[in-house]
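S.K.: Here you go, structure.cif (mmCIF, C-alpha atoms):
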data_final
loop_
_atom_site.label_atom_id
_atom_site.label_comp_id
_atom_site.auth_asym_id
_atom_site.auth_seq_id
_atom_site.Cartn_x
_atom_site.Cartn_y
_atom_site.Cartn_z
CA MET Y 1 -26.88 -14.84 -3.69
CA PRO Y 2 -30.33 -14.12 -5.21
CA VAL Y 3 -31.21 -10.51 -5.95
CA PRO Y 4 -34.03 -9.16 -3.76
CA PRO Y 5 -37.24 -8.42 -5.72
CA ASP Y 6 -36.94 -4.68 -5.05
CA HIS Y 7 -33.60 -4.65 -6.85
CA GLU Y 8 -34.58 -6.70 -9.86
CA LYS Y 9 -34.06 -5.03 -13.20
CA THR Y 10 -37.33 -3.74 -14.61
CA GLU Y 11 -38.00 -3.23 -18.30
CA LEU Y 12 -37.92 0.36 -19.52
CA ASN Y 13 -41.45 1.61 -20.14
CA LYS Y 14 -40.69 3.44 -23.38
CA GLU Y 15 -44.15 4.83 -24.00
CA LEU Y 16 -44.45 6.24 -20.49
CA LEU Y 17 -41.02 7.86 -20.67
CA LEU Y 18 -41.74 9.36 -24.11
CA GLN Y 19 -44.99 10.85 -22.85
CA THR Y 20 -43.25 12.18 -19.74
CA ILE Y 21 -40.69 13.97 -21.93
CA ALA Y 22 -43.44 15.21 -24.26
CA TYR Y 23 -45.56 16.72 -21.49
CA ASP Y 24 -42.57 18.28 -19.77
CA LEU Y 25 -41.34 19.76 -23.05
CA LEU Y 26 -44.72 21.35 -23.71
CA TRP Y 27 -44.96 22.78 -20.20
CA THR Y 28 -41.40 24.05 -20.49
CA VAL Y 29 -41.99 25.89 -23.77
CA PHE Y 30 -45.23 27.26 -22.26
CA HIS Y 31 -43.07 28.80 -19.52
CA VAL Y 32 -40.63 30.11 -22.13
CA GLY Y 33 -43.49 31.86 -23.90
CA THR Y 34 -44.82 33.26 -20.63
CA VAL Y 35 -41.52 34.69 -19.37
CA THR Y 36 -40.61 36.05 -22.81
CA THR Y 37 -43.98 37.80 -23.11
CA LEU Y 38 -43.59 39.29 -19.63
CA LEU Y 39 -40.10 40.52 -20.51
CA ASN Y 40 -41.57 42.09 -23.64
CA GLY Y 41 -43.92 43.95 -21.30
CA CYS Y 42 -41.02 44.92 -19.05
CA GLY Y 43 -39.52 46.70 -22.05
CA ARG Y 44 -42.25 49.33 -21.92
CA ASN Y 45 -41.17 52.79 -20.93
CA ASP Y 46 -43.86 53.11 -18.24
CA GLY Y 47 -42.18 50.51 -16.03
CA SER Y 48 -45.57 49.02 -15.11
CA THR Y 49 -44.70 45.34 -15.61
CA THR Y 50 -42.99 43.22 -12.99
CA LEU Y 51 -41.81 39.61 -13.02
CA ARG Y 52 -42.12 39.24 -9.25
CA PRO Y 53 -45.48 37.37 -9.26
CA TRP Y 54 -44.01 34.92 -11.78
CA ARG Y 55 -40.68 34.13 -10.13
CA HIS Y 56 -41.80 30.51 -9.56
CA LEU Y 57 -41.32 30.01 -13.32
CA LEU Y 58 -37.58 30.34 -12.78
CA SER Y 59 -37.26 27.03 -10.93
CA ASP Y 60 -34.94 24.64 -12.76
CA ASN Y 61 -35.70 20.99 -13.58
CA ASN Y 62 -32.89 20.71 -16.12
CA LYS Y 63 -31.06 17.86 -14.36
CA ILE Y 64 -34.17 15.68 -14.14
CA MET Y 65 -34.99 16.02 -17.82
CA GLN Y 66 -31.39 15.55 -18.91
CA LEU Y 67 -31.48 12.21 -17.10
CA ALA Y 68 -34.69 11.22 -18.93
CA LEU Y 69 -33.21 12.30 -22.27
CA ARG Y 70 -30.42 9.74 -21.90
CA TYR Y 71 -33.00 7.25 -23.16
CA GLY Y 72 -34.16 9.50 -26.01
CA THR Y 73 -33.02 7.31 -28.88
CA GLU Y 74 -34.38 4.18 -27.15
CA ILE Y 75 -37.92 5.59 -26.95
CA GLY Y 76 -38.32 6.89 -30.50
CA LEU Y 77 -36.55 10.26 -30.59
CA THR Y 78 -33.81 10.87 -33.12
CA GLN Y 79 -30.32 11.62 -31.85
CA GLU Y 80 -30.58 15.10 -33.35
CA MET Y 81 -33.86 15.81 -31.56
CA THR Y 82 -32.55 14.43 -28.25
CA VAL Y 83 -29.50 16.69 -28.43
CA ALA Y 84 -31.61 19.71 -29.44
CA ILE Y 85 -33.98 19.29 -26.50
CA GLY Y 86 -31.04 18.84 -24.14
CA LYS Y 87 -29.44 22.06 -25.41
CA LEU Y 88 -32.74 23.91 -24.99
CA TYR Y 89 -32.97 22.83 -21.35
CA ASP Y 90 -29.34 23.85 -20.74
CA ALA Y 91 -29.86 27.27 -22.34
CA LEU Y 92 -33.08 27.75 -20.39
CA ALA Y 93 -31.37 26.88 -17.10
CA ALA Y 94 -28.63 29.44 -17.83
CA GLU Y 95 -31.12 32.19 -18.69
CA LYS Y 96 -33.20 31.48 -15.59
CA LEU Y 97 -30.08 31.84 -13.46
CA ARG Y 98 -29.22 35.08 -15.22
CA LEU Y 99 -32.73 36.48 -14.87
CA ALA Y 100 -33.30 35.64 -11.20
CA PRO Y 101 -31.41 38.67 -9.75
CA LEU Y 102 -33.44 40.99 -11.99
CA VAL Y 103 -36.82 39.77 -10.83
CA GLU Y 104 -36.96 41.94 -7.71
CA SER Y 105 -35.85 45.04 -9.64
CA SER Y 106 -38.04 44.51 -12.70
CA THR Y 107 -40.18 47.53 -11.88
CA GLY Y 108 -39.03 50.94 -10.70
CA ARG Y 109 -35.62 49.96 -12.01
CA SER Y 110 -32.56 52.05 -12.67
CA SER Y 111 -31.25 52.66 -16.18
CA VAL Y 112 -28.67 49.91 -15.61
CA ASP Y 113 -31.35 47.46 -14.50
CA ARG Y 114 -33.48 48.42 -17.46
CA GLN Y 115 -30.67 47.66 -19.90
CA GLN Y 116 -30.14 44.29 -18.24
CA VAL Y 117 -33.85 43.48 -18.55
CA ILE Y 118 -33.86 44.53 -22.21
CA SER Y 119 -30.81 42.32 -22.79
CA ALA Y 120 -32.54 39.43 -21.02
CA GLY Y 121 -35.60 39.99 -23.22
CA THR Y 122 -33.46 39.60 -26.33
CA ALA Y 123 -32.02 36.32 -25.02
CA TRP Y 124 -35.46 34.96 -24.12
CA ARG Y 125 -36.87 35.87 -27.53
CA HIS Y 126 -34.06 33.82 -29.02
CA LEU Y 127 -35.05 30.97 -26.66
CA ALA Y 128 -38.65 31.27 -27.83
CA LYS Y 129 -37.55 30.97 -31.48
CA ASN Y 130 -35.45 27.93 -30.64
CA ALA Y 131 -38.30 26.36 -28.65
CA LYS Y 132 -40.67 26.93 -31.56
CA SER Y 133 -38.28 25.19 -33.96
CA ILE Y 134 -37.85 22.20 -31.63
CA LEU Y 135 -41.58 21.92 -30.94
CA THR Y 136 -42.37 21.98 -34.67
CA THR Y 137 -40.01 19.06 -35.28
CA PHE Y 138 -41.07 17.21 -32.14
CA GLU Y 139 -44.73 17.35 -33.18
CA GLY Y 140 -43.99 15.16 -36.19
CA ILE Y 141 -41.91 12.69 -34.19
CA GLY Y 142 -44.30 12.56 -31.25
CA ALA Y 143 -47.39 12.14 -33.44
CA ARG Y 144 -46.12 8.78 -34.67
CA HIS Y 145 -46.00 7.52 -31.10
CA LEU Y 146 -48.56 9.61 -29.23
CA GLY Y 147 -51.22 10.09 -31.89
CA ASN Y 148 -53.12 13.39 -31.94
CA LEU Y 149 -53.35 13.73 -28.17
CA LEU Y 150 -51.14 16.84 -28.01
CA SER Y 151 -51.67 18.29 -31.50
CA GLU Y 152 -54.17 20.98 -30.56
CA ASP Y 153 -52.14 22.25 -27.61
CA THR Y 154 -48.98 22.14 -29.72
CA GLN Y 155 -50.53 24.46 -32.31
CA THR Y 156 -51.65 26.83 -29.53
CA LEU Y 157 -48.13 26.86 -28.09
CA LEU Y 158 -46.50 27.44 -31.49
CA GLN Y 159 -48.65 30.54 -31.96
CA PHE Y 160 -47.83 31.71 -28.42
CA LEU Y 161 -44.10 31.24 -29.00
CA ASN Y 162 -44.32 33.04 -32.33
CA GLU Y 163 -45.93 36.06 -30.65
CA ALA Y 164 -43.35 36.07 -27.84
CA ALA Y 165 -40.39 35.71 -30.21
CA ALA Y 166 -41.72 38.62 -32.29
CA GLY Y 167 -41.65 40.88 -29.22
CA SER Y 168 -45.41 41.10 -28.71
CA ASP Y 169 -46.64 42.35 -25.34
CA ARG Y 170 -50.33 42.45 -26.23
CA ARG Y 171 -51.13 39.77 -23.63
CA VAL Y 172 -49.61 41.85 -20.81
CA GLY Y 173 -51.98 44.19 -18.98
CA PHE Y 174 -51.18 47.60 -17.54
CA CYS Y 175 -50.56 46.19 -14.06
CA GLY Y 176 -48.37 43.35 -15.29
CA ASP Y 177 -51.11 40.72 -15.45
CA ILE Y 178 -50.95 38.38 -18.42
CA SER Y 179 -53.61 36.65 -20.51
CA LEU Y 180 -52.26 33.16 -21.17
CA PRO Y 181 -53.47 30.76 -23.88
CA VAL Y 182 -55.78 27.96 -22.77
CA LEU Y 183 -54.33 24.46 -23.10
CA LYS Y 184 -57.07 21.86 -23.46
CA GLN Y 185 -55.41 18.46 -23.46
CA MET Y 186 -52.15 18.74 -21.58
CA ARG Y 187 -51.90 16.90 -18.29
CA HIS Y 188 -49.52 17.06 -15.36
CA GLN Y 189 -49.37 13.27 -15.43
CA PRO Y 190 -48.84 11.38 -18.69
CA ARG Y 191 -51.47 8.85 -19.76
CA ILE Y 192 -50.40 5.63 -21.45
CA LYS Y 193 -52.38 3.00 -23.35
CA ILE Y 194 -52.84 -0.41 -21.78
CA GLU Y 195 -55.03 -3.45 -22.30
CA GLY Y 196 -56.70 -5.81 -19.89
CA ARG Y 197 -59.99 -6.88 -18.37
CA CYS Y 198 -61.66 -5.29 -15.38
CA THR Y 199 -64.98 -5.21 -13.58
CA VAL Y 200 -66.94 -2.12 -12.57
CA MET Y 201 -68.77 -2.53 -9.27
CA LEU Y 202 -71.65 -0.08 -9.25
CA GLY Y 203 -73.66 -0.69 -6.11
CA GLU Y 204 -74.75 -4.32 -6.35
CA ARG Y 205 -74.13 -4.47 -10.10
CA SER Y 206 -70.95 -5.93 -11.59
CA ILE Y 207 -70.21 -4.86 -15.15
CA ALA Y 208 -67.45 -6.28 -17.35
CA ALA Y 209 -65.21 -3.70 -19.03
CA ASP Y 210 -61.82 -3.30 -20.74
CA LEU Y 211 -58.89 -1.15 -19.66
CA LYS Y 212 -57.96 1.54 -22.19
CA ASP Y 213 -55.37 3.88 -20.66
CA ILE Y 214 -53.96 4.93 -17.32
CA SER Y 215 -52.26 7.77 -15.46
CA VAL Y 216 -51.34 8.07 -11.80
CA ARG Y 217 -54.65 9.86 -11.15
CA GLY Y 218 -57.09 8.18 -13.52
CA ILE Y 219 -58.03 5.20 -15.66
CA GLY Y 220 -59.86 5.08 -18.96
CA ILE Y 221 -62.08 2.08 -19.63
CA VAL Y 222 -64.36 0.82 -22.38
CA CYS Y 223 -67.71 -0.37 -21.13
CA ALA Y 224 -70.49 -1.65 -23.41
CA GLN Y 225 -73.16 -1.03 -20.79
CA PRO Y 226 -74.08 2.60 -20.02
CA LEU Y 227 -72.78 4.07 -16.77
CA PRO Y 228 -74.04 7.19 -14.97
CA ASP Y 229 -72.29 10.46 -15.70
CA LYS Y 230 -71.14 10.79 -12.09
CA GLY Y 231 -70.89 8.56 -9.08
CA ALA Y 232 -68.56 6.38 -7.05
CA ILE Y 233 -67.53 2.92 -8.26
CA VAL Y 234 -65.04 0.22 -7.38
CA LEU Y 235 -62.84 -1.05 -10.21
CA VAL Y 236 -61.78 -4.67 -9.78
CA LEU Y 237 -58.64 -5.67 -11.71
CA GLU Y 238 -57.66 -9.12 -12.98
CA ASP Y 239 -55.32 -9.64 -10.04
CA GLY Y 240 -58.18 -9.03 -7.61
CA ARG Y 241 -57.14 -5.53 -6.58
CA GLN Y 242 -59.95 -3.08 -5.96
CA LEU Y 243 -59.50 0.59 -6.81
CA LYS Y 244 -62.00 3.15 -5.57
CA ALA Y 245 -62.83 5.78 -8.18
CA LYS Y 246 -65.38 8.29 -9.38
CA ILE Y 247 -66.87 8.44 -12.86
CA ALA Y 248 -65.45 11.68 -14.27
CA SER Y 249 -66.69 11.49 -17.87
CA THR Y 250 -68.66 9.29 -20.24
CA ARG Y 251 -68.71 9.44 -24.03
CA GLY Y 252 -70.47 6.49 -25.61
CA ASP Y 253 -68.67 3.40 -24.33
CA GLN Y 254 -65.59 5.45 -23.30
CA VAL Y 255 -65.49 6.14 -19.56
CA GLY Y 256 -62.97 8.23 -17.64
CA LEU Y 257 -62.40 7.36 -13.97
CA LEU Y 258 -60.76 9.59 -11.36
CA LEU Y 259 -59.00 7.47 -8.74
CA ASP Y 260 -59.51 8.23 -5.05
CA SER Y 261 -55.83 7.45 -4.40
CA ARG Y 262 -52.89 8.12 -6.71
CA LEU Y 263 -51.04 5.20 -8.22
CA SER Y 264 -47.28 4.85 -8.06
CA TYR Y 265 -45.32 4.72 -11.33
CA ASN Y 266 -44.07 1.38 -10.00
CA ASP Y 267 -47.60 0.02 -10.10
CA PRO Y 268 -47.86 -3.21 -12.15
CA LEU Y 269 -50.43 -1.53 -14.43
CA PHE Y 270 -47.68 0.69 -15.86
CA ARG Y 271 -45.76 -2.42 -16.90
CA ARG Y 272 -48.61 -3.75 -19.04
CA PRO Y 273 -48.01 -2.30 -22.51
CA THR Y 274 -50.65 -2.49 -25.21
CA GLY Y 275 -50.88 -5.89 -26.87
CA GLN Y 276 -49.29 -7.82 -23.97
CA HIS Y 277 -52.14 -8.06 -21.50
CA SER Y 278 -53.10 -11.23 -19.70
CA LEU Y 279 -55.58 -13.47 -21.48
CA ALA Y 280 -57.41 -14.09 -18.22
CA ARG Y 281 -60.92 -12.71 -18.28
CA SER Y 282 -62.95 -11.28 -15.49
CA ASN Y 283 -65.39 -13.77 -14.03
CA ALA Y 284 -67.95 -11.07 -13.46
CA ALA Y 285 -70.99 -10.96 -15.67
CA ALA Y 286 -73.11 -7.98 -16.49
#
Can you give me the file's structure in the form of structure tokens?
M.R.:
Amino acid sequence: MPVPPDHEKTELNKELLLQTIAYDLLWTVFHVGTVTTLLNGCGRNDGSTTLRPWRHLLSDNNKIMQLALRYGTEIGLTQEMTVAIGKLYDALAAEKLRLAPLVESSTGRSSVDRQQVISAGTAWRHLAKNAKSILTTFEGIGARHLGNLLSEDTQTLLQFLNEAAAGSDRRVGFCGDISLPVLKQMRHQPRIKIEGRCTVMLGERSIAADLKDISVRGIGIVCAQPLPDKGAIVLVLEDGRQLKAKIASTRGDQVGLLLDSRLSYNDPLFRRPTGQHSLARSNAAA
């Protein structure tokens, strides 16, 4: 009996999965640095710092990432790195579980609570050191596949983790507020490189362009003709689909589009890796 189309085996999108792991790892170590720094502040004798406003950082996505890491060696990670990241997520999940009961008592605490918080701070500083080591190694591995997209944020995070691991609480204010580092390039949704033809419909004008990269929220294109800095357009793909979008940024011939509607990761565009696009060209002329 033929297999229904919805159940057909689809090829693993290695670049997308690698970027998903990369972005999640960076956000995860960002949270490690944040919680560790807050715990450093909780170690003050004045008892002014509380973790209560930051309890959402204790949610656990360990199982999801462990599933993704099963493909680590298939997408360019070494076995050693895959195991190290998996152990970091396991250790982080355990420390989150341990810390959760202390969140509500992290200010105005008893001497017993205080000792538990100090002990938790020691464990999280160890996590921060481990995260720093993994991120340093991952930067070299990821750069070969992801280019310099995350390099600047990685350096910012390494400095943040170094401060947290050293016990610094300089970022924590008197009332428990925290001054976090600014991350410039990290995205909630990974962006992957693709190739293909497309047409930009700008009012009554049709302008030929090339696809450059894609995420679930946006598309990057290369367009030889200048486009306005802002404005609504319709992007026509080779298969005839029309995607409504807004021009979010222009830099020379590089144009960033923000889609009106999110794409699904099952969208055919995510199965068009660089170098394997269709040779069909758009019929539209400038």
S.K.: From the list Y:Leu135, Y:Leu67, Y:Ala100, Y:Ile219, which residue is nearest Arg262 in chain Y when using all atoms listed in the file?
M.R.: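 Of Y:Leu135, Y:Leu67, Y:Ala100, Y:Ile219, the one nearest Arg262 in chain Y is Y:Ile219, counting all atoms listed in the file.
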S.K.: What's the 9 Å shell around Leu92 in chain Y, counting all atoms listed in the file, without same-chain residues fewer than 4 positions away, as an mmCIF file with C-alpha atoms, in the coordinates of the input?
M.R.:
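And here's out.cif as it stands now:
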data_model
loop_
_atom_site.group_PDB
_atom_site.id
_atom_site.type_symbol
_atom_site.label_atom_id
_atom_site.label_comp_id
_atom_site.auth_asym_id
_atom_site.auth_seq_id
_atom_site.Cartn_x
_atom_site.Cartn_y
_atom_site.Cartn_z
ATOM 1 C CA VAL Y 32 -40.630 30.110 -22.130
ATOM 2 C CA ASP Y 60 -34.940 24.640 -12.760
ATOM 3 C CA ASN Y 62 -32.890 20.710 -16.120
ATOM 4 C CA LYS Y 87 -29.440 22.060 -25.410
ATOM 5 C CA LEU Y 88 -32.740 23.910 -24.990
ATOM 6 C CA LYS Y 96 -33.200 31.480 -15.590
ATOM 7 C CA LEU Y 97 -30.080 31.840 -13.460
ATOM 8 C CA TRP Y 124 -35.460 34.960 -24.120
ATOM 9 C CA LEU Y 127 -35.050 30.970 -26.660
#
S.K.: Just so the selection is clear, what residues does the PyMOL selection byres ((chain Y and resi 229) around 10) cover here, as a list of chain:residue names?
M.R.: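 Expected selection for the PyMOL selection byres ((chain Y and resi 229) around 10) here is Y:Pro226, Y:Leu227, Y:Pro228, Y:Lys230, Y:Gly231, Y:Lys246, Y:Ile247, Y:Ala248, Y:Ser249, Y:Thr250, Y:Arg251, Y:Val255, Y:Gly256.
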S.K.: For the structure provided, state which residues fall under the PyMOL selection byres ((chain Y and resi 196) around 6), and present them as a list in words.
M.R.: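 Applied to this file, the PyMOL selection byres ((chain Y and resi 196) around 6) selects Glu195, Arg197, Asp210, Leu211 and His277 of chain Y.
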S.K.: So what do you get for CA of Ala166 in chain Y versus CA of Leu99 in chain Y, distance-wise?
M.R.: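 Separating CA of Ala166 in chain Y from CA of Leu99 in chain Y is a distance of 19.7 Å.
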S.K.: Could you work out how far CA of Leu157 in chain Y lies from CA of Thr37 in chain Y, giving the answer in Å with one decimal?
M.R.: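 Interatomic distance here is 12.7 Å.
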S.K.: Neighbouring residues of Ala224 in chain Y were defined as those with any atom within 10 Å, considering only C-alpha atoms; residues of the same chain fewer than 5 positions away were excluded. Please report them as a list in words.
M.R.: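 In the requested form, the answer reads Ile207, Ala208, Ala209, Asp210, Gly252, Asp253, Gln254 and Ala286 of chain Y.
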S.K.: If you measure from CA of Thr78 in chain Y to CA of Gly140 in chain Y, what distance in Å do you get, rounded to one decimal?
M.R.: 11.5 Å
S.K.: Written as a short mmCIF file (atom, residue, chain, number, x, y, z; two decimals) with C-alpha atoms, keeping the file's coordinate frame, which residues does the PyMOL selection byres ((chain Y and resi 16) around 8) give for the file shown?
M.R.:
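Below is the file that was written, out-v4.cif:
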data_model
loop_
_atom_site.label_atom_id
_atom_site.label_comp_id
_atom_site.auth_asym_id
_atom_site.auth_seq_id
_atom_site.Cartn_x
_atom_site.Cartn_y
_atom_site.Cartn_z
CA ASN Y 13 -41.45 1.61 -20.14
CA LYS Y 14 -40.69 3.44 -23.38
CA GLU Y 15 -44.15 4.83 -24.00
CA LEU Y 17 -41.02 7.86 -20.67
CA LEU Y 18 -41.74 9.36 -24.11
CA GLN Y 19 -44.99 10.85 -22.85
CA THR Y 20 -43.25 12.18 -19.74
CA PRO Y 190 -48.84 11.38 -18.69
CA ARG Y 191 -51.47 8.85 -19.76
CA ILE Y 192 -50.40 5.63 -21.45
CA PHE Y 270 -47.68 0.69 -15.86
#
